[in-house]
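A.B. asks: mmCIF, C-alpha atoms, file query04.cif:
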data_run
#
loop_
_atom_site.group_PDB
_atom_site.id
_atom_site.type_symbol
_atom_site.label_atom_id
_atom_site.label_comp_id
_atom_site.auth_asym_id
_atom_site.auth_seq_id
_atom_site.Cartn_x
_atom_site.Cartn_y
_atom_site.Cartn_z
ATOM 1 C CA MET A 1 26.689 53.765 30.402
ATOM 2 C CA ARG A 2 30.163 54.314 28.980
ATOM 3 C CA ARG A 3 29.320 52.025 26.072
ATOM 4 C CA THR A 4 26.044 53.875 25.395
ATOM 5 C CA ILE A 5 27.756 57.274 25.379
ATOM 6 C CA GLY A 6 30.489 55.864 23.164
ATOM 7 C CA TYR A 7 27.918 54.521 20.718
ATOM 8 C CA LEU A 8 26.274 57.946 20.409
ATOM 9 C CA GLY A 9 29.748 59.348 19.783
ATOM 10 C CA GLU A 10 30.365 56.858 16.976
ATOM 11 C CA GLU A 11 27.040 57.711 15.348
ATOM 12 C CA ALA A 12 27.618 61.462 15.682
ATOM 13 C CA GLU A 13 31.215 61.199 14.464
ATOM 14 C CA THR A 14 30.256 59.223 11.368
ATOM 15 C CA ALA A 15 27.380 61.552 10.518
ATOM 16 C CA ILE A 16 29.325 64.776 10.821
ATOM 17 C CA ARG A 17 32.358 63.443 8.937
ATOM 18 C CA VAL A 18 30.310 62.288 5.955
ATOM 19 C CA PHE A 19 28.450 65.614 6.099
ATOM 20 C CA TYR A 20 31.667 67.615 5.753
ATOM 21 C CA SER A 21 32.845 65.227 3.045
ATOM 22 C CA LEU A 22 29.718 65.866 0.998
ATOM 23 C CA LYS A 23 29.770 69.596 1.642
ATOM 24 C CA GLU A 24 33.392 69.851 0.526
ATOM 25 C CA PHE A 25 32.712 67.811 -2.602
ATOM 26 C CA ARG A 26 29.818 70.090 -3.545
ATOM 27 C CA LEU A 27 32.222 73.011 -3.198
ATOM 28 C CA TRP A 28 34.681 71.297 -5.549
ATOM 29 C CA VAL A 29 32.113 70.895 -8.305
ATOM 30 C CA SER A 30 31.493 74.636 -8.213
ATOM 31 C CA ARG A 31 35.164 75.388 -9.018
ATOM 32 C CA GLU A 32 36.546 74.898 -12.505
ATOM 33 C CA GLU A 33 40.016 73.800 -11.430
ATOM 34 C CA ASP A 34 38.605 71.061 -9.194
ATOM 35 C CA VAL A 35 36.078 69.923 -11.775
ATOM 36 C CA LYS A 36 38.977 69.303 -14.176
ATOM 37 C CA LEU A 37 40.578 66.996 -11.609
ATOM 38 C CA ILE A 38 37.297 65.226 -10.851
ATOM 39 C CA ASN A 39 36.668 64.634 -14.557
ATOM 40 C CA LYS A 40 39.907 62.667 -14.853
ATOM 41 C CA ASN A 41 38.200 59.922 -12.848
ATOM 42 C CA PRO A 42 34.495 60.815 -12.988
ATOM 43 C CA HIS A 43 33.123 57.328 -12.263
ATOM 44 C CA PHE A 44 34.958 57.125 -8.962
ATOM 45 C CA TRP A 45 33.865 60.577 -7.826
ATOM 46 C CA ARG A 46 30.279 59.926 -8.883
ATOM 47 C CA MET A 47 30.280 56.810 -6.695
ATOM 48 C CA PHE A 48 31.938 58.784 -3.918
ATOM 49 C CA GLU A 49 29.229 61.442 -3.918
ATOM 50 C CA THR A 50 26.419 58.882 -4.043
ATOM 51 C CA SER A 51 27.972 56.915 -1.190
ATOM 52 C CA VAL A 52 28.531 59.835 1.182
ATOM 53 C CA ARG A 53 25.097 61.316 0.428
ATOM 54 C CA THR A 54 23.402 57.986 1.119
ATOM 55 C CA HIS A 55 25.447 57.436 4.272
ATOM 56 C CA LEU A 56 24.657 60.942 5.520
ATOM 57 C CA PHE A 57 20.900 60.539 5.226
ATOM 58 C CA ILE A 58 20.949 57.078 6.763
ATOM 59 C CA CYS A 59 22.881 58.550 9.704
ATOM 60 C CA ILE A 60 20.341 61.370 10.052
ATOM 61 C CA ARG A 61 17.529 58.835 10.003
ATOM 62 C CA ARG A 62 19.160 56.735 12.712
ATOM 63 C CA LEU A 63 19.779 59.724 14.971
ATOM 64 C CA TYR A 64 16.390 61.364 14.600
ATOM 65 C CA GLU A 65 13.845 58.659 13.797
ATOM 66 C CA GLY A 66 11.046 58.253 16.318
ATOM 67 C CA ASP A 67 11.071 54.456 16.617
ATOM 68 C CA SER A 68 11.198 53.575 20.309
ATOM 69 C CA ASN A 69 12.725 50.179 19.517
ATOM 70 C CA THR A 70 15.915 51.550 17.944
ATOM 71 C CA PHE A 71 18.860 53.518 19.251
ATOM 72 C CA ASN A 72 18.389 57.191 18.445
ATOM 73 C CA PHE A 73 19.123 60.465 20.168
ATOM 74 C CA GLN A 74 15.910 60.516 22.198
ATOM 75 C CA GLN A 75 16.493 56.945 23.315
ATOM 76 C CA PHE A 76 19.968 57.983 24.410
ATOM 77 C CA ILE A 77 18.547 60.779 26.578
ATOM 78 C CA ASN A 78 15.993 58.392 28.075
ATOM 79 C CA LEU A 79 18.732 55.906 28.953
ATOM 80 C CA CYS A 80 20.808 58.605 30.628
ATOM 81 C CA VAL A 81 17.831 59.753 32.689
ATOM 82 C CA LYS A 82 17.100 56.176 33.687
ATOM 83 C CA ASN A 83 20.724 55.663 34.738
ATOM 84 C CA VAL A 84 21.400 59.070 36.278
ATOM 85 C CA THR A 85 23.043 57.489 39.337
ATOM 86 C CA GLU A 86 25.916 56.341 37.111
ATOM 87 C CA PHE A 87 26.783 60.033 36.686
ATOM 88 C CA SER A 88 26.867 60.649 40.439
ATOM 89 C CA GLY A 89 29.935 61.789 42.316
ATOM 90 C CA ARG A 90 30.146 58.468 44.123
ATOM 91 C CA ALA A 91 30.054 56.510 40.864
ATOM 92 C CA LEU A 92 32.674 58.822 39.321
ATOM 93 C CA ARG A 93 34.923 58.408 42.334
ATOM 94 C CA ASP A 94 34.624 54.632 42.165
ATOM 95 C CA ARG A 95 35.556 54.637 38.468
ATOM 96 C CA LYS A 96 38.572 56.867 39.042
ATOM 97 C CA VAL A 97 39.799 54.763 41.952
ATOM 98 C CA ALA A 98 39.385 51.545 39.976
ATOM 99 C CA ALA A 99 41.371 52.973 37.068
ATOM 100 C CA SER A 100 44.342 54.356 39.032
ATOM 101 C CA HIS A 101 46.814 52.588 41.325
ATOM 102 C CA ASN A 102 47.600 55.808 43.225
ATOM 103 C CA ALA A 103 44.122 57.372 43.356
ATOM 104 C CA ASN A 104 44.379 57.769 47.139
ATOM 105 C CA GLU A 105 46.989 60.483 46.559
ATOM 106 C CA TRP A 106 44.726 62.797 44.539
ATOM 107 C CA ILE A 107 41.106 61.626 44.460
ATOM 108 C CA ASP A 108 39.825 63.754 47.369
ATOM 109 C CA GLU A 109 41.172 66.980 45.899
ATOM 110 C CA TYR A 110 39.972 66.006 42.428
ATOM 111 C CA MET A 111 36.404 65.400 43.601
ATOM 112 C CA ILE A 112 36.136 68.845 45.213
ATOM 113 C CA ASN A 113 35.844 70.530 41.828
ATOM 114 C CA THR A 114 33.586 68.014 40.098
ATOM 115 C CA HIS A 115 30.013 68.708 39.030
ATOM 116 C CA GLN A 116 27.144 66.496 40.181
ATOM 117 C CA PRO A 117 25.072 66.004 37.008
ATOM 118 C CA THR A 118 21.288 66.131 37.297
ATOM 119 C CA ILE A 119 18.415 65.072 35.086
ATOM 120 C CA GLU A 120 17.859 68.758 34.339
ATOM 121 C CA ASP A 121 21.378 68.893 32.869
ATOM 122 C CA PHE A 122 20.359 66.075 30.533
ATOM 123 C CA TYR A 123 17.136 67.808 29.527
ATOM 124 C CA ALA A 124 18.972 71.091 28.942
ATOM 125 C CA LEU A 125 21.294 69.353 26.478
ATOM 126 C CA SER A 126 18.331 67.618 24.880
ATOM 127 C CA ARG A 127 16.620 70.996 24.364
ATOM 128 C CA LEU A 128 19.821 72.346 22.842
ATOM 129 C CA VAL A 129 19.753 69.607 20.230
ATOM 130 C CA ARG A 130 16.014 69.988 19.659
ATOM 131 C CA GLU A 131 16.336 73.735 19.076
ATOM 132 C CA ASN A 132 19.052 73.157 16.480
ATOM 133 C CA SER A 133 17.405 70.188 14.770
ATOM 134 C CA LYS A 134 13.861 71.419 14.214
ATOM 135 C CA ARG A 135 13.365 69.961 10.736
ATOM 136 C CA MET A 136 15.427 66.805 11.023
ATOM 137 C CA LYS A 137 12.469 64.681 12.143
ATOM 138 C CA GLY A 138 10.384 65.991 9.255
ATOM 139 C CA LYS A 139 11.688 66.598 5.758
ATOM 140 C CA TYR A 140 15.125 65.113 6.314
ATOM 141 C CA THR A 141 14.100 61.812 7.869
ATOM 142 C CA GLU A 142 11.269 61.558 5.326
ATOM 143 C CA ILE A 143 13.745 61.807 2.441
ATOM 144 C CA ALA A 144 16.151 59.477 4.240
ATOM 145 C CA SER A 145 13.448 56.826 4.496
ATOM 146 C CA GLN A 146 11.780 57.209 1.104
ATOM 147 C CA VAL A 147 14.878 57.771 -1.026
ATOM 148 C CA TYR A 148 17.878 56.255 0.728
ATOM 149 C CA ALA A 149 16.595 53.559 3.098
ATOM 150 C CA HIS A 150 13.657 52.039 1.213
ATOM 151 C CA ALA A 151 14.028 53.503 -2.310
ATOM 152 C CA VAL A 152 10.332 54.352 -2.582
ATOM 153 C CA HIS A 153 11.386 57.177 -4.912
ATOM 154 C CA THR A 154 14.164 56.563 -7.437
ATOM 155 C CA ASP A 155 13.435 59.086 -10.183
ATOM 156 C CA ASP A 156 16.303 61.596 -10.356
ATOM 157 C CA SER A 157 14.083 64.569 -11.225
ATOM 158 C CA TYR A 158 11.714 63.821 -8.346
ATOM 159 C CA ILE A 159 14.575 63.396 -5.897
ATOM 160 C CA ALA A 160 16.067 66.696 -7.068
ATOM 161 C CA LYS A 161 12.746 68.439 -6.563
ATOM 162 C CA ILE A 162 12.095 67.193 -3.034
ATOM 163 C CA SER A 163 15.713 67.969 -2.111
ATOM 164 C CA GLU A 164 15.469 71.643 -3.116
ATOM 165 C CA ASP A 165 14.323 72.642 0.357
ATOM 166 C CA LEU A 166 17.271 71.008 2.137
ATOM 167 C CA SER A 167 20.089 73.078 3.572
ATOM 168 C CA PHE A 168 23.700 72.351 4.430
ATOM 169 C CA ASP A 169 23.424 74.963 7.192
ATOM 170 C CA GLU A 170 20.490 73.141 8.795
ATOM 171 C CA MET A 171 22.267 69.804 8.670
ATOM 172 C CA GLU A 172 25.472 71.284 10.052
ATOM 173 C CA SER A 173 23.629 72.950 12.920
ATOM 174 C CA ALA A 174 21.802 69.734 13.792
ATOM 175 C CA LEU A 175 24.777 67.392 13.599
ATOM 176 C CA THR A 176 27.111 69.782 15.402
ATOM 177 C CA SER A 177 24.596 70.037 18.243
ATOM 178 C CA ILE A 178 24.501 66.255 18.641
ATOM 179 C CA TRP A 179 28.297 66.024 18.532
ATOM 180 C CA HIS A 180 28.515 68.766 21.173
ATOM 181 C CA CYS A 181 25.902 66.999 23.304
ATOM 182 C CA TYR A 182 27.838 63.739 23.107
ATOM 183 C CA ARG A 183 31.023 65.483 24.280
ATOM 184 C CA GLN A 184 29.194 67.026 27.254
ATOM 185 C CA PHE A 185 27.816 63.664 28.356
ATOM 186 C CA TRP A 186 31.257 62.140 27.989
ATOM 187 C CA GLU A 187 32.853 64.846 30.121
ATOM 188 C CA MET A 188 30.126 64.579 32.772
ATOM 189 C CA PHE A 189 30.514 60.813 32.977
ATOM 190 C CA GLU A 190 34.296 60.537 32.747
ATOM 191 C CA ASN A 191 35.481 63.745 34.436
ATOM 192 C CA GLY A 192 32.586 65.234 36.390
ATOM 193 C CA ARG A 193 32.545 68.444 34.359
ATOM 194 C CA LYS A 194 29.583 70.792 34.203
ATOM 195 C CA PRO A 195 27.960 70.721 30.751
ATOM 196 C CA ASN A 196 28.583 73.657 28.440
ATOM 197 C CA LEU A 197 25.409 74.838 26.704
ATOM 198 C CA GLU A 198 27.277 76.887 24.102
ATOM 199 C CA ILE A 199 27.659 74.690 21.038
ATOM 200 C CA ALA A 200 31.245 74.408 19.884
ATOM 201 C CA LYS A 201 32.302 73.796 16.311
ATOM 202 C CA TYR A 202 33.284 70.290 15.316
ATOM 203 C CA PRO A 203 37.054 70.343 15.965
ATOM 204 C CA TYR A 204 38.087 67.925 13.211
ATOM 205 C CA GLN A 205 36.472 69.556 10.190
ATOM 206 C CA LYS A 206 39.828 70.528 8.673
ATOM 207 C CA GLU A 207 41.102 66.987 9.151
ATOM 208 C CA VAL A 208 38.221 65.665 7.038
ATOM 209 C CA ILE A 209 38.659 68.325 4.358
ATOM 210 C CA ASN A 210 42.433 67.918 4.203
ATOM 211 C CA SER A 211 42.174 64.148 3.812
ATOM 212 C CA LEU A 212 39.798 64.572 0.871
ATOM 213 C CA ARG A 213 41.976 67.239 -0.680
ATOM 214 C CA GLU A 214 45.005 64.993 -0.380
ATOM 215 C CA MET A 215 43.158 62.185 -2.127
ATOM 216 C CA LEU A 216 42.062 64.405 -5.022
ATOM 217 C CA ASP A 217 45.495 65.995 -5.494
ATOM 218 C CA LYS A 218 47.493 62.796 -5.032
ATOM 219 C CA GLU A 219 45.358 60.879 -7.491
ATOM 220 C CA HIS A 220 46.217 63.367 -10.232
ATOM 221 C CA ALA A 221 49.733 64.359 -9.222
#
Show the structure stored in the file as structure tokens.

C.D. replies:
Amino acid sequence: MRRTIGYLGEEAETAIRVFYSLKEFRLWVSREEDVKLINKNPHFWRMFETSVRTHLFICIRRLYEGDSNTFNFQQFINLCVKNVTEFSGRALRDRKVAASHNANEWIDEYMINTHQPTIEDFYALSRLVRENSKRMKGKYTEIASQVYAHAVHTDDSYIAKISEDLSFDEMESALTSIWHCYRQFWEMFENGRKPNLEIAKYPYQKEVINSLREMLDKEHA
């Protein structure tokens, strides 16, 4: 189960980092001073934008597609429900004892304050993601499949037209909810913590933005 939770984390982490990369780049091209820097190496930055946009939509497709034979968010929830006993207090205790040479000195006190996760906890987190991802399985995965995965549509004007209805806010809400959900499952499994149903902001957004800014400024220093 640890590997499954970790895999969701990797998928969520990649998706939200490329999202913030694309969002920040789109902000740059709206500012004259940044456009001047971009235009000193336009071919690179054009490839950069194309790459992160493609990667973002492929990530969205993987997380939200409905194929029962692939790993996606719903499959993750199903696996957790199927393996709910691995989240039990007994299983947590066994993991803690196995990982610590002096667990006998603190494990009893530690377990007093742990939460016993239930299937309803899992479904509550699933609903949280569903409520914040209402259009991901529609327009967004459709564009991901037809434009970025299978290249059914390649005409720039057509792609621009079908993309008009997309929103950075919608994507941010959806991807942040999955990241938050991943963190709650991790904390339940590793530390026996009760899940928090208030979605927190992605904590490493500034790290992503600062790394991009450093690359743009350093390249033209």

A.B. asks: Report as JSON, numbers by chain all protein, DNA and RNA residues lying within 7 Å of Leu63 (chain A), evaluated on all atoms listed in the file, omitting residues in the same chain fewer than 4 positions from it.

C.D. replies: {"A": [59, 72, 73]}

A.B. asks: Enter the distance from CA of Asn69 (chain A) to CA of Thr4 (chain A), in Å, rounded to one decimal.

C.D. replies: 15.0 Å

A.B. asks: Taking the file as shown, find all residues satisfying the PyMOL selection byres ((chain A and resi 16) around 9) and write them as number ranges by chain.

C.D. replies: A: 11-15, 17-21, 56, 171-172, 175-176, 179, 202, 205

A.B. asks: Can I get the selected residues back with C-alpha atoms, as a short mmCIF file (atom, residue, chain, number, x, y, z; two decimals), keeping the file's coordinate frame?

C.D. replies:
data_model
loop_
_atom_site.label_atom_id
_atom_site.label_comp_id
_atom_site.auth_asym_id
_atom_site.auth_seq_id
_atom_site.Cartn_x
_atom_site.Cartn_y
_atom_site.Cartn_z
CA GLU A 11 27.04 57.71 15.35
CA ALA A 12 27.62 61.46 15.68
CA GLU A 13 31.22 61.20 14.46
CA THR A 14 30.26 59.22 11.37
CA ALA A 15 27.38 61.55 10.52
CA ARG A 17 32.36 63.44 8.94
CA VAL A 18 30.31 62.29 5.96
CA PHE A 19 28.45 65.61 6.10
CA TYR A 20 31.67 67.61 5.75
CA SER A 21 32.84 65.23 3.04
CA LEU A 56 24.66 60.94 5.52
CA MET A 171 22.27 69.80 8.67
CA GLU A 172 25.47 71.28 10.05
CA LEU A 175 24.78 67.39 13.60
CA THR A 176 27.11 69.78 15.40
CA TRP A 179 28.30 66.02 18.53
CA TYR A 202 33.28 70.29 15.32
CA GLN A 205 36.47 69.56 10.19
#

A.B. asks: Report, in Å to a single decimal, how far apart CA of Arg213 (chain A) and CA of Asp34 (chain A) are.

C.D. replies: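 Taking CA of Asp34 (chain A) as the start and CA of Arg213 (chain A) as the end point, the length is 9.9 Å.
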
A.B. asks: So how many Å separate CA of Ala144 (chain A) and CA of Ile60 (chain A), to one decimal?

C.D. replies: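 Taking CA of Ala144 (chain A) and CA of Ile60 (chain A), their separation equals 7.4 Å.
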
A.B. asks: Of the candidates A:Pro203, A:Gly9, A:Gly192, A:Pro42, which shows the shortest atom-to-atom distance to Arg95 (chain A), using all atoms listed in the file?

C.D. replies: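 Closest to Arg95 (chain A), using all atoms listed in the file: A:Gly192.
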
A.B. asks: With all atoms listed in the file as the atoms that count, which of A:Gln75, A:Asn41, A:Asn102, A:Ser173 lies nearest to Arg135 (chain A)?

C.D. replies: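 Closest candidate: A:Ser173.
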
A.B. asks: Measuring atom to atom with only C-alpha atoms, identify which of A:Ser68, A:Glu33, A:Lys23, A:Leu92 is nearest to Asp169 (chain A).

C.D. replies: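 Ranked by minimum distance to Asp169 (chain A), first place goes to A:Lys23.
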
A.B. asks: Using all atoms listed in the file, can you tell me which of A:Met136, A:Met215, A:Ile112, A:Ala91 comes closest to Glu190 (chain A)?

C.D. replies: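 Nearest to Glu190 (chain A): A:Ala91.
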
A.B. asks: Selected by the PyMOL selection byres ((chain A and resi 84) around 10) in the shown coordinates: which residues, as a list of chain:residue names?

C.D. replies: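 With the shown file as input, the PyMOL selection byres ((chain A and resi 84) around 10) matches A:Met1, A:Asn78, A:Leu79, A:Cys80, A:Val81, A:Lys82, A:Asn83, A:Thr85, A:Glu86, A:Phe87, A:Ser88, A:Pro117, A:Thr118, A:Ile119, A:Phe122, A:Phe189.
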
A.B. asks: I need the residue nearest Met111 (chain A) from this list: A:Asn191, A:Glu65, A:Ile143, A:Asn196. Use all atoms listed in the file for the distance.

C.D. replies: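 Distance minimum relative to Met111 (chain A) lands on A:Asn191.
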
A.B. asks: When distances are computed from all atoms listed in the file, which of A:Ile107, A:Val129, A:Ile209, A:Leu166 shows the smallest separation from Ile178 (chain A)?

C.D. replies: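 Ranking A:Ile107, A:Val129, A:Ile209, A:Leu166 by distance to Ile178 (chain A), first place goes to A:Val129.
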
A.B. asks: For region 45-53 of chain A, I'd like the enclosing box, axis-aligned and padded by 5 Å on every side, reported as AutoDock Vina command-line options with centre and edge lengths in Å to one decimal.

C.D. replies:
--center_x 29.5 --center_y 59.1 --center_z -3.9 --size_x 18.8 --size_y 14.6 --size_z 20.1

A.B. asks: So that I can see what lies close to Arg130 (chain A), please list as a list in words the residues with an atom at most 9 Å from it, counting all atoms listed in the file and leaving out residues fewer than 5 positions away in the same chain.

C.D. replies: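 In the requested form, the answer reads Leu125, Ala174 and Ser177 of chain A.
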